[in-house]
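Read the structure below first, then the notes.
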Amino acid sequence: MTDFKRDQQVYQLAGDMNSSILGTYYFLFRESRIASGKDQTLIQKFDENGIPINATYIDVKDQDYVYFPISIGQLGLAVYHTFLESQSDTDRNRFLKFVDWFYDHAEEDPTLGVRWMTHVPLPQYRNPGPWQSAFSQSRSISILLRGFQLTGDQKYADMAEAALVPFTRQVSEGGVTSLTPWGPFYEEYPAKVPTLVLNGLIFSLCGVKDFVRVFPKHKQAGEIFENGVKTLKNILPEFDMGYWSRYNLCMAGWYPDPDPATIGYQRLHGTQLEMMFKLTEDPVFADYAKRFRKQDNPLSWMRMFGLKYRALSQLKRI
């Protein structure tokens, strides 16, 4: 049995990660924490259907708020957790508003399937927006499939299937995948050069895994998931700075190198890799979960702070 430090576990992990019936998500998001901004600090207000609206990034000018599919998906999953506990019609209907938000806001394309675009610039990666994201695709799939199983409405499953297509297309084609020496990397933040955000890759695998669980014979979904797992396994050593983990491996010449993870992301990396170990039983993920958690100490914090300040200064984000 593998032991992990519970005080460094950012989210409690689900017990069942393999059933064909999608219950709790892999990370047990709590609605009270997310809606209050404790886990999603950019959630600032809500529309008439309870859908969160984010404040924009600190370096975005001339735009104050945006519908952010990643945050909407996280709160939607948290509402689903509330429903699983209460089994009330009120909570069921609240969750279905998130399902319908994703259904109604999908942008369809004959070669790209469906995508959920975020209509805000990404100055740190020099992407003027709008931008697609493997993370957004993943959250959308997870929400839509739970809506499908809750209502039996096939249209949600069909859209979730169409949401897989961008994983098979490169970023330059409007997809969400960068081809790297380590394998196909599913991008949270697409740009002209690979940005390679670690937590985004891992979160992107969750929605694909949900699809595989519901439709285990779907060959394309299985290949997307397995290829992503292989890439993660191959690239993990590149994220290890010896005393800390990197936030990303952005390959742009103008991007600061290194850009270390914050303490919060260091701990999230550990929790995510523990999840990956539970999903795959591959000891590599358990080893890196332990390694990143062991690095989480005051001496390493001090070494990280200077580099992080330098990186944020270079990006003009402080």
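In the structure tokens, chains take letters A, B, ... by order of appearance, with residues numbered from 1 within each chain and ligands from 1 in the order shown.
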Closest-contact table, segment 213-246 of chain A side, partner segment 262-271 of chain A, 10 Å, counting only C-alpha atoms, as a Markdown table:
| residue | atom | partner | partner_atom | distance |
| --- | --- | --- | --- | --- |
| A:Trp244 | CA | A:Gln266 | CA | 7.4 |
| A:Ser245 | CA | A:Gln266 | CA | 6.3 |
| A:Arg246 | CA | A:Gln266 | CA | 8.2 |
Resulting file, chosen residues, C-alpha atoms, as a compact mmCIF listing (two decimals), in the first residue's frame:
# COMPACT_ATOMS: atom_id res chain seq x y z
CA TRP A 244 10.62 21.87 -6.63
CA SER A 245 8.35 21.35 -9.64
CA ARG A 246 7.88 23.57 -12.67
Q | Residues near Ser172 of chain A, cut-off 9 Å, only C-alpha atoms, skip fewer than 5 positions along chain, as a count of residues only | A | 5
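Those residues that approach Val60 of chain A to within 12 Å, counting only C-alpha atoms, are A:Val66, A:His119, A:Val120, A:Pro121, A:Leu122, A:Pro123, A:Gln124, A:Tyr125, A:Arg126, A:Asn127, A:Pro128, A:Gly129, A:Lys316, A:Arg317; same-chain residues fewer than 6 positions away are not listed.
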Q | Selection near segment 29-42 of chain A, 6 Å with only C-alpha atoms, sequence-local residues under 5 positions removed, as a PyMOL selection string | A | chain A and resi 54-55+78-79
Those same residues - N, CA and C atoms - I'd like them written as a CSV table (one decimal), in the first residue's frame.
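After the write, out.csv holds the following:
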chain,number,residue,atom,x,y,z
A,54,ASN,N,-16.1,34.8,-14.3
A,54,ASN,CA,-14.8,35.1,-13.7
A,54,ASN,C,-14.4,36.6,-13.9
A,55,ALA,N,-13.6,37.1,-13.0
A,55,ALA,CA,-12.8,38.3,-13.2
A,55,ALA,C,-11.7,37.9,-14.2
A,78,ALA,N,-19.0,20.4,-8.7
A,78,ALA,CA,-19.3,20.6,-7.2
A,78,ALA,C,-20.8,20.6,-6.9
A,79,VAL,N,-21.6,21.2,-7.8
A,79,VAL,CA,-23.1,21.2,-7.7
A,79,VAL,C,-23.6,19.7,-7.8
**Q.** Spatial neighbours of Gly242 of chain A, 10 Å, only C-alpha atoms, chain gap at least 4 places, as a ChimeraX atom specification
**A.** /A:237,291-292,295,300
**Q.** Which of A:Pro256, A:Gly200, A:Pro298, A:Pro283 sits closest to Arg310 of chain A [using only C-alpha atoms]
**A.**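 Nearest to Arg310 of chain A: A:Pro256.
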(Q) Applying 8 Å and only C-alpha atoms, which residues near Met159 of chain A remain after dropping the ones on its own chain fewer than 4 positions away? List them as a PyMOL selection string. (A) chain A and resi 103+114+144+155+163
Restrict the selected residues to N, CA and C atoms and save them as an mmCIF file, in the first residue's frame.
data_model
loop_
_atom_site.group_PDB
_atom_site.id
_atom_site.type_symbol
_atom_site.label_atom_id
_atom_site.label_comp_id
_atom_site.auth_asym_id
_atom_site.auth_seq_id
_atom_site.Cartn_x
_atom_site.Cartn_y
_atom_site.Cartn_z
ATOM 1 N N TYR A 103 -23.989 22.664 -23.328
ATOM 2 C CA TYR A 103 -24.634 22.267 -24.573
ATOM 3 C C TYR A 103 -24.921 23.492 -25.441
ATOM 4 N N VAL A 114 -16.652 19.863 -31.534
ATOM 5 C CA VAL A 114 -17.148 20.995 -30.754
ATOM 6 C C VAL A 114 -16.053 21.461 -29.806
ATOM 7 N N LEU A 144 -21.220 16.919 -19.413
ATOM 8 C CA LEU A 144 -22.202 16.410 -20.373
ATOM 9 C C LEU A 144 -22.529 14.939 -20.131
ATOM 10 N N LYS A 155 -28.424 13.438 -26.729
ATOM 11 C CA LYS A 155 -27.734 14.589 -27.317
ATOM 12 C C LYS A 155 -26.510 14.999 -26.493
ATOM 13 N N ALA A 163 -16.657 16.334 -28.603
ATOM 14 C CA ALA A 163 -15.651 17.097 -27.861
ATOM 15 C C ALA A 163 -14.295 16.407 -27.834
#
DSSP-assigned alpha helix (DSSP H) members of segment 145-299 of chain A, reported as a JSON list (two decimals) with N, CA and C atoms, in the first residue's frame:
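Everything below was put into result.json:
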[["chain", "number", "residue", "atom", "x", "y", "z"],
["A", 145, "LEU", "N", -21.52, 14.14, -19.81],
["A", 145, "LEU", "CA", -21.78, 12.71, -19.59],
["A", 145, "LEU", "C", -22.59, 12.48, -18.32],
["A", 146, "ARG", "N", -22.37, 13.28, -17.31],
["A", 146, "ARG", "CA", -23.20, 13.16, -16.11],
["A", 146, "ARG", "C", -24.63, 13.60, -16.42],
["A", 147, "GLY", "N", -24.77, 14.61, -17.28],
["A", 147, "GLY", "CA", -26.11, 15.00, -17.72],
["A", 147, "GLY", "C", -26.79, 13.90, -18.51],
["A", 148, "PHE", "N", -26.01, 13.23, -19.36],
["A", 148, "PHE", "CA", -26.54, 12.11, -20.14],
["A", 148, "PHE", "C", -27.03, 10.99, -19.23],
["A", 149, "GLN", "N", -26.23, 10.62, -18.25],
["A", 149, "GLN", "CA", -26.63, 9.52, -17.38],
["A", 149, "GLN", "C", -27.79, 9.92, -16.46],
["A", 150, "LEU", "N", -27.89, 11.19, -16.13],
["A", 150, "LEU", "CA", -28.95, 11.66, -15.24],
["A", 150, "LEU", "C", -30.29, 11.74, -15.98],
["A", 151, "THR", "N", -30.25, 12.13, -17.26],
["A", 151, "THR", "CA", -31.50, 12.35, -18.00],
["A", 151, "THR", "C", -31.80, 11.30, -19.05],
["A", 154, "GLN", "N", -29.69, 11.48, -25.24],
["A", 154, "GLN", "CA", -28.55, 11.09, -26.07],
["A", 154, "GLN", "C", -27.78, 12.30, -26.60],
["A", 155, "LYS", "N", -28.42, 13.44, -26.73],
["A", 155, "LYS", "CA", -27.73, 14.59, -27.32],
["A", 155, "LYS", "C", -26.51, 15.00, -26.49],
["A", 156, "TYR", "N", -26.57, 14.78, -25.18],
["A", 156, "TYR", "CA", -25.43, 15.13, -24.34],
["A", 156, "TYR", "C", -24.25, 14.19, -24.59],
["A", 157, "ALA", "N", -24.53, 12.91, -24.75],
["A", 157, "ALA", "CA", -23.47, 11.94, -25.06],
["A", 157, "ALA", "C", -22.87, 12.21, -26.43],
["A", 158, "ASP", "N", -23.72, 12.56, -27.39],
["A", 158, "ASP", "CA", -23.22, 12.84, -28.74],
["A", 158, "ASP", "C", -22.29, 14.05, -28.73],
["A", 159, "MET", "N", -22.64, 15.06, -27.96],
["A", 159, "MET", "CA", -21.77, 16.23, -27.91],
["A", 159, "MET", "C", -20.47, 15.91, -27.18],
["A", 160, "ALA", "N", -20.55, 15.11, -26.14],
["A", 160, "ALA", "CA", -19.32, 14.70, -25.44],
["A", 160, "ALA", "C", -18.39, 13.97, -26.39],
["A", 161, "GLU", "N", -18.94, 13.13, -27.27],
["A", 161, "GLU", "CA", -18.12, 12.43, -28.25],
["A", 161, "GLU", "C", -17.48, 13.41, -29.23],
["A", 162, "ALA", "N", -18.24, 14.40, -29.68],
["A", 162, "ALA", "CA", -17.69, 15.40, -30.60],
["A", 162, "ALA", "C", -16.60, 16.23, -29.93],
["A", 198, "LEU", "N", 1.58, 21.53, -16.67],
["A", 198, "LEU", "CA", 1.45, 20.18, -16.11],
["A", 198, "LEU", "C", 0.07, 19.90, -15.57],
["A", 199, "ASN", "N", -0.46, 20.77, -14.72],
["A", 199, "ASN", "CA", -1.76, 20.47, -14.12],
["A", 199, "ASN", "C", -2.85, 20.43, -15.18],
["A", 200, "GLY", "N", -2.70, 21.24, -16.25],
["A", 200, "GLY", "CA", -3.69, 21.24, -17.32],
["A", 200, "GLY", "C", -3.74, 19.92, -18.07],
["A", 201, "LEU", "N", -2.56, 19.34, -18.33],
["A", 201, "LEU", "CA", -2.52, 18.03, -18.98],
["A", 201, "LEU", "C", -3.24, 16.98, -18.14],
["A", 202, "ILE", "N", -2.94, 16.98, -16.84],
["A", 202, "ILE", "CA", -3.53, 15.94, -15.98],
["A", 202, "ILE", "C", -5.04, 16.11, -15.87],
["A", 203, "PHE", "N", -5.50, 17.36, -15.68],
["A", 203, "PHE", "CA", -6.94, 17.58, -15.62],
["A", 203, "PHE", "C", -7.61, 17.20, -16.94],
["A", 204, "SER", "N", -6.92, 17.43, -18.05],
["A", 204, "SER", "CA", -7.54, 17.10, -19.35],
["A", 204, "SER", "C", -7.80, 15.61, -19.47],
["A", 205, "LEU", "N", -6.97, 14.80, -18.84],
["A", 205, "LEU", "CA", -7.14, 13.35, -18.91],
["A", 205, "LEU", "C", -8.40, 12.88, -18.17],
["A", 206, "CYS", "N", -8.87, 13.67, -17.22],
["A", 206, "CYS", "CA", -10.01, 13.23, -16.41],
["A", 206, "CYS", "C", -11.28, 13.12, -17.24],
["A", 207, "GLY", "N", -11.55, 14.13, -18.08],
["A", 207, "GLY", "CA", -12.75, 14.06, -18.91],
["A", 207, "GLY", "C", -12.68, 12.93, -19.92],
["A", 208, "VAL", "N", -11.49, 12.73, -20.50],
["A", 208, "VAL", "CA", -11.33, 11.62, -21.45],
["A", 208, "VAL", "C", -11.54, 10.29, -20.75],
["A", 209, "LYS", "N", -11.02, 10.19, -19.53],
["A", 209, "LYS", "CA", -11.23, 8.96, -18.76],
["A", 209, "LYS", "C", -12.71, 8.73, -18.47],
["A", 210, "ASP", "N", -13.44, 9.80, -18.17],
["A", 210, "ASP", "CA", -14.88, 9.67, -17.97],
["A", 210, "ASP", "C", -15.55, 9.07, -19.20],
["A", 211, "PHE", "N", -15.13, 9.54, -20.39],
["A", 211, "PHE", "CA", -15.73, 9.01, -21.61],
["A", 211, "PHE", "C", -15.40, 7.53, -21.78],
["A", 212, "VAL", "N", -14.16, 7.16, -21.50],
["A", 212, "VAL", "CA", -13.75, 5.75, -21.59],
["A", 212, "VAL", "C", -14.56, 4.89, -20.63],
["A", 213, "ARG", "N", -14.82, 5.42, -19.45],
["A", 213, "ARG", "CA", -15.60, 4.66, -18.47],
["A", 213, "ARG", "C", -17.02, 4.40, -18.96],
["A", 214, "VAL", "N", -17.63, 5.41, -19.55],
["A", 214, "VAL", "CA", -19.02, 5.27, -20.02],
["A", 214, "VAL", "C", -19.09, 4.46, -21.30],
["A", 219, "LYS", "N", -12.79, 3.31, -29.39],
["A", 219, "LYS", "CA", -11.36, 3.18, -29.67],
["A", 219, "LYS", "C", -10.63, 4.52, -29.60],
["A", 220, "GLN", "N", -11.21, 5.54, -30.20],
["A", 220, "GLN", "CA", -10.54, 6.84, -30.23],
["A", 220, "GLN", "C", -10.33, 7.41, -28.83],
["A", 221, "ALA", "N", -11.35, 7.33, -28.00],
["A", 221, "ALA", "CA", -11.23, 7.84, -26.63],
["A", 221, "ALA", "C", -10.15, 7.09, -25.87],
["A", 222, "GLY", "N", -10.12, 5.76, -26.03],
["A", 222, "GLY", "CA", -9.09, 4.98, -25.34],
["A", 222, "GLY", "C", -7.69, 5.36, -25.79],
["A", 223, "GLU", "N", -7.52, 5.61, -27.08],
["A", 223, "GLU", "CA", -6.20, 5.99, -27.59],
["A", 223, "GLU", "C", -5.79, 7.38, -27.08],
["A", 224, "ILE", "N", -6.73, 8.32, -27.05],
["A", 224, "ILE", "CA", -6.43, 9.66, -26.55],
["A", 224, "ILE", "C", -5.95, 9.57, -25.10],
["A", 225, "PHE", "N", -6.67, 8.78, -24.30],
["A", 225, "PHE", "CA", -6.29, 8.66, -22.90],
["A", 225, "PHE", "C", -4.93, 7.98, -22.74],
["A", 226, "GLU", "N", -4.73, 6.87, -23.38],
["A", 226, "GLU", "CA", -3.47, 6.13, -23.22],
["A", 226, "GLU", "C", -2.29, 6.94, -23.74],
["A", 227, "ASN", "N", -2.46, 7.65, -24.84],
["A", 227, "ASN", "CA", -1.36, 8.47, -25.36],
["A", 227, "ASN", "C", -1.02, 9.60, -24.39],
["A", 228, "GLY", "N", -2.05, 10.19, -23.78],
["A", 228, "GLY", "CA", -1.80, 11.25, -22.82],
["A", 228, "GLY", "C", -1.09, 10.75, -21.58],
["A", 229, "VAL", "N", -1.46, 9.56, -21.11],
["A", 229, "VAL", "CA", -0.79, 8.96, -19.95],
["A", 229, "VAL", "C", 0.68, 8.70, -20.27],
["A", 230, "LYS", "N", 0.97, 8.19, -21.47],
["A", 230, "LYS", "CA", 2.35, 7.92, -21.85],
["A", 230, "LYS", "C", 3.17, 9.21, -21.90],
["A", 231, "THR", "N", 2.56, 10.26, -22.47],
["A", 231, "THR", "CA", 3.26, 11.54, -22.51],
["A", 231, "THR", "C", 3.57, 12.04, -21.12],
["A", 232, "LEU", "N", 2.58, 11.97, -20.23],
["A", 232, "LEU", "CA", 2.78, 12.42, -18.85],
["A", 232, "LEU", "C", 3.93, 11.66, -18.20],
["A", 233, "LYS", "N", 3.95, 10.36, -18.38],
["A", 233, "LYS", "CA", 5.00, 9.54, -17.79],
["A", 233, "LYS", "C", 6.37, 9.91, -18.36],
["A", 234, "ASN", "N", 6.42, 10.16, -19.66],
["A", 234, "ASN", "CA", 7.69, 10.50, -20.30],
["A", 234, "ASN", "C", 8.22, 11.88, -19.90],
["A", 235, "ILE", "N", 7.31, 12.82, -19.70],
["A", 235, "ILE", "CA", 7.72, 14.21, -19.51],
["A", 235, "ILE", "C", 7.91, 14.60, -18.05],
["A", 236, "LEU", "N", 7.42, 13.79, -17.13],
["A", 236, "LEU", "CA", 7.50, 14.15, -15.71],
["A", 236, "LEU", "C", 8.92, 14.52, -15.24],
["A", 237, "PRO", "N", 9.96, 13.81, -15.65],
["A", 237, "PRO", "CA", 11.31, 14.19, -15.19],
["A", 237, "PRO", "C", 11.68, 15.63, -15.56],
["A", 238, "GLU", "N", 11.11, 16.15, -16.65],
["A", 238, "GLU", "CA", 11.43, 17.51, -17.07],
["A", 238, "GLU", "C", 10.84, 18.55, -16.13],
["A", 239, "PHE", "N", 9.81, 18.17, -15.38],
["A", 239, "PHE", "CA", 9.17, 19.10, -14.46],
["A", 239, "PHE", "C", 9.83, 19.11, -13.09],
["A", 263, "ILE", "N", 3.29, 27.38, -4.34],
["A", 263, "ILE", "CA", 3.09, 26.34, -3.32],
["A", 263, "ILE", "C", 1.79, 25.59, -3.59],
["A", 264, "GLY", "N", 0.74, 26.34, -3.96],
["A", 264, "GLY", "CA", -0.55, 25.69, -4.23],
["A", 264, "GLY", "C", -0.46, 24.70, -5.38],
["A", 265, "TYR", "N", 0.24, 25.08, -6.44],
["A", 265, "TYR", "CA", 0.36, 24.17, -7.57],
["A", 265, "TYR", "C", 1.31, 23.02, -7.28],
["A", 266, "GLN", "N", 2.33, 23.26, -6.46],
["A", 266, "GLN", "CA", 3.20, 22.16, -6.05],
["A", 266, "GLN", "C", 2.38, 21.08, -5.36],
["A", 267, "ARG", "N", 1.49, 21.50, -4.49],
["A", 267, "ARG", "CA", 0.65, 20.55, -3.76],
["A", 267, "ARG", "C", -0.39, 19.92, -4.67],
["A", 268, "LEU", "N", -0.92, 20.70, -5.61],
["A", 268, "LEU", "CA", -1.86, 20.14, -6.57],
["A", 268, "LEU", "C", -1.20, 19.07, -7.43],
["A", 269, "HIS", "N", 0.05, 19.32, -7.84],
["A", 269, "HIS", "CA", 0.76, 18.31, -8.63],
["A", 269, "HIS", "C", 0.83, 16.98, -7.87],
["A", 270, "GLY", "N", 1.13, 17.06, -6.59],
["A", 270, "GLY", "CA", 1.20, 15.84, -5.79],
["A", 270, "GLY", "C", -0.13, 15.11, -5.73],
["A", 271, "THR", "N", -1.22, 15.88, -5.52],
["A", 271, "THR", "CA", -2.54, 15.27, -5.47],
["A", 271, "THR", "C", -2.93, 14.66, -6.81],
["A", 272, "GLN", "N", -2.64, 15.39, -7.89],
["A", 272, "GLN", "CA", -2.97, 14.88, -9.21],
["A", 272, "GLN", "C", -2.22, 13.59, -9.53],
["A", 273, "LEU", "N", -0.96, 13.54, -9.15],
["A", 273, "LEU", "CA", -0.17, 12.35, -9.45],
["A", 273, "LEU", "C", -0.59, 11.17, -8.58],
["A", 274, "GLU", "N", -1.05, 11.45, -7.38],
["A", 274, "GLU", "CA", -1.65, 10.38, -6.57],
["A", 274, "GLU", "C", -2.88, 9.83, -7.29],
["A", 275, "MET", "N", -3.69, 10.73, -7.85],
["A", 275, "MET", "CA", -4.86, 10.28, -8.62],
["A", 275, "MET", "C", -4.44, 9.43, -9.81],
["A", 276, "MET", "N", -3.39, 9.87, -10.52],
["A", 276, "MET", "CA", -2.94, 9.12, -11.68],
["A", 276, "MET", "C", -2.44, 7.73, -11.28],
["A", 277, "PHE", "N", -1.83, 7.63, -10.13],
["A", 277, "PHE", "CA", -1.40, 6.32, -9.63],
["A", 277, "PHE", "C", -2.61, 5.43, -9.38],
["A", 278, "LYS", "N", -3.67, 6.00, -8.79],
["A", 278, "LYS", "CA", -4.86, 5.22, -8.52],
["A", 278, "LYS", "C", -5.55, 4.79, -9.81],
["A", 279, "LEU", "N", -5.48, 5.64, -10.84],
["A", 279, "LEU", "CA", -6.11, 5.30, -12.11],
["A", 279, "LEU", "C", -5.34, 4.23, -12.87],
["A", 280, "THR", "N", -4.01, 4.31, -12.82],
["A", 280, "THR", "CA", -3.18, 3.47, -13.70],
["A", 280, "THR", "C", -2.39, 2.39, -12.97],
["A", 283, "PRO", "N", 3.69, 2.83, -10.81],
["A", 283, "PRO", "CA", 4.45, 3.35, -9.66],
["A", 283, "PRO", "C", 5.19, 4.65, -9.96],
["A", 284, "VAL", "N", 5.42, 4.97, -11.23],
["A", 284, "VAL", "CA", 6.08, 6.24, -11.56],
["A", 284, "VAL", "C", 5.28, 7.41, -11.00],
["A", 285, "PHE", "N", 3.98, 7.35, -11.10],
["A", 285, "PHE", "CA", 3.15, 8.46, -10.62],
["A", 285, "PHE", "C", 3.17, 8.55, -9.10],
["A", 286, "ALA", "N", 3.18, 7.41, -8.43],
["A", 286, "ALA", "CA", 3.30, 7.43, -6.98],
["A", 286, "ALA", "C", 4.65, 7.99, -6.55],
["A", 287, "ASP", "N", 5.71, 7.63, -7.27],
["A", 287, "ASP", "CA", 7.05, 8.12, -6.92],
["A", 287, "ASP", "C", 7.13, 9.64, -7.04],
["A", 288, "TYR", "N", 6.56, 10.19, -8.12],
["A", 288, "TYR", "CA", 6.63, 11.65, -8.29],
["A", 288, "TYR", "C", 5.69, 12.38, -7.34],
["A", 289, "ALA", "N", 4.57, 11.77, -6.99],
["A", 289, "ALA", "CA", 3.69, 12.37, -5.98],
["A", 289, "ALA", "C", 4.45, 12.52, -4.67],
["A", 290, "LYS", "N", 5.14, 11.47, -4.26],
["A", 290, "LYS", "CA", 5.93, 11.52, -3.02],
["A", 290, "LYS", "C", 7.07, 12.52, -3.13],
["A", 291, "ARG", "N", 7.72, 12.53, -4.29],
["A", 291, "ARG", "CA", 8.87, 13.42, -4.49],
["A", 291, "ARG", "C", 8.45, 14.88, -4.38],
["A", 292, "PHE", "N", 7.37, 15.25, -5.06],
["A", 292, "PHE", "CA", 6.94, 16.64, -5.03],
["A", 292, "PHE", "C", 6.45, 17.03, -3.64],
["A", 293, "ARG", "N", 5.86, 16.11, -2.92],
["A", 293, "ARG", "CA", 5.42, 16.41, -1.56],
["A", 293, "ARG", "C", 6.61, 16.55, -0.61],
["A", 294, "LYS", "N", 7.62, 15.75, -0.81],
["A", 294, "LYS", "CA", 8.82, 15.86, 0.02],
["A", 294, "LYS", "C", 9.52, 17.20, -0.21],
["A", 298, "PRO", "N", 10.04, 24.50, 3.96],
["A", 298, "PRO", "CA", 10.42, 25.92, 4.01],
["A", 298, "PRO", "C", 11.69, 26.27, 3.23],
["A", 299, "LEU", "N", 12.68, 25.39, 3.24],
["A", 299, "LEU", "CA", 13.91, 25.69, 2.50],
["A", 299, "LEU", "C", 13.63, 25.77, 1.00]]
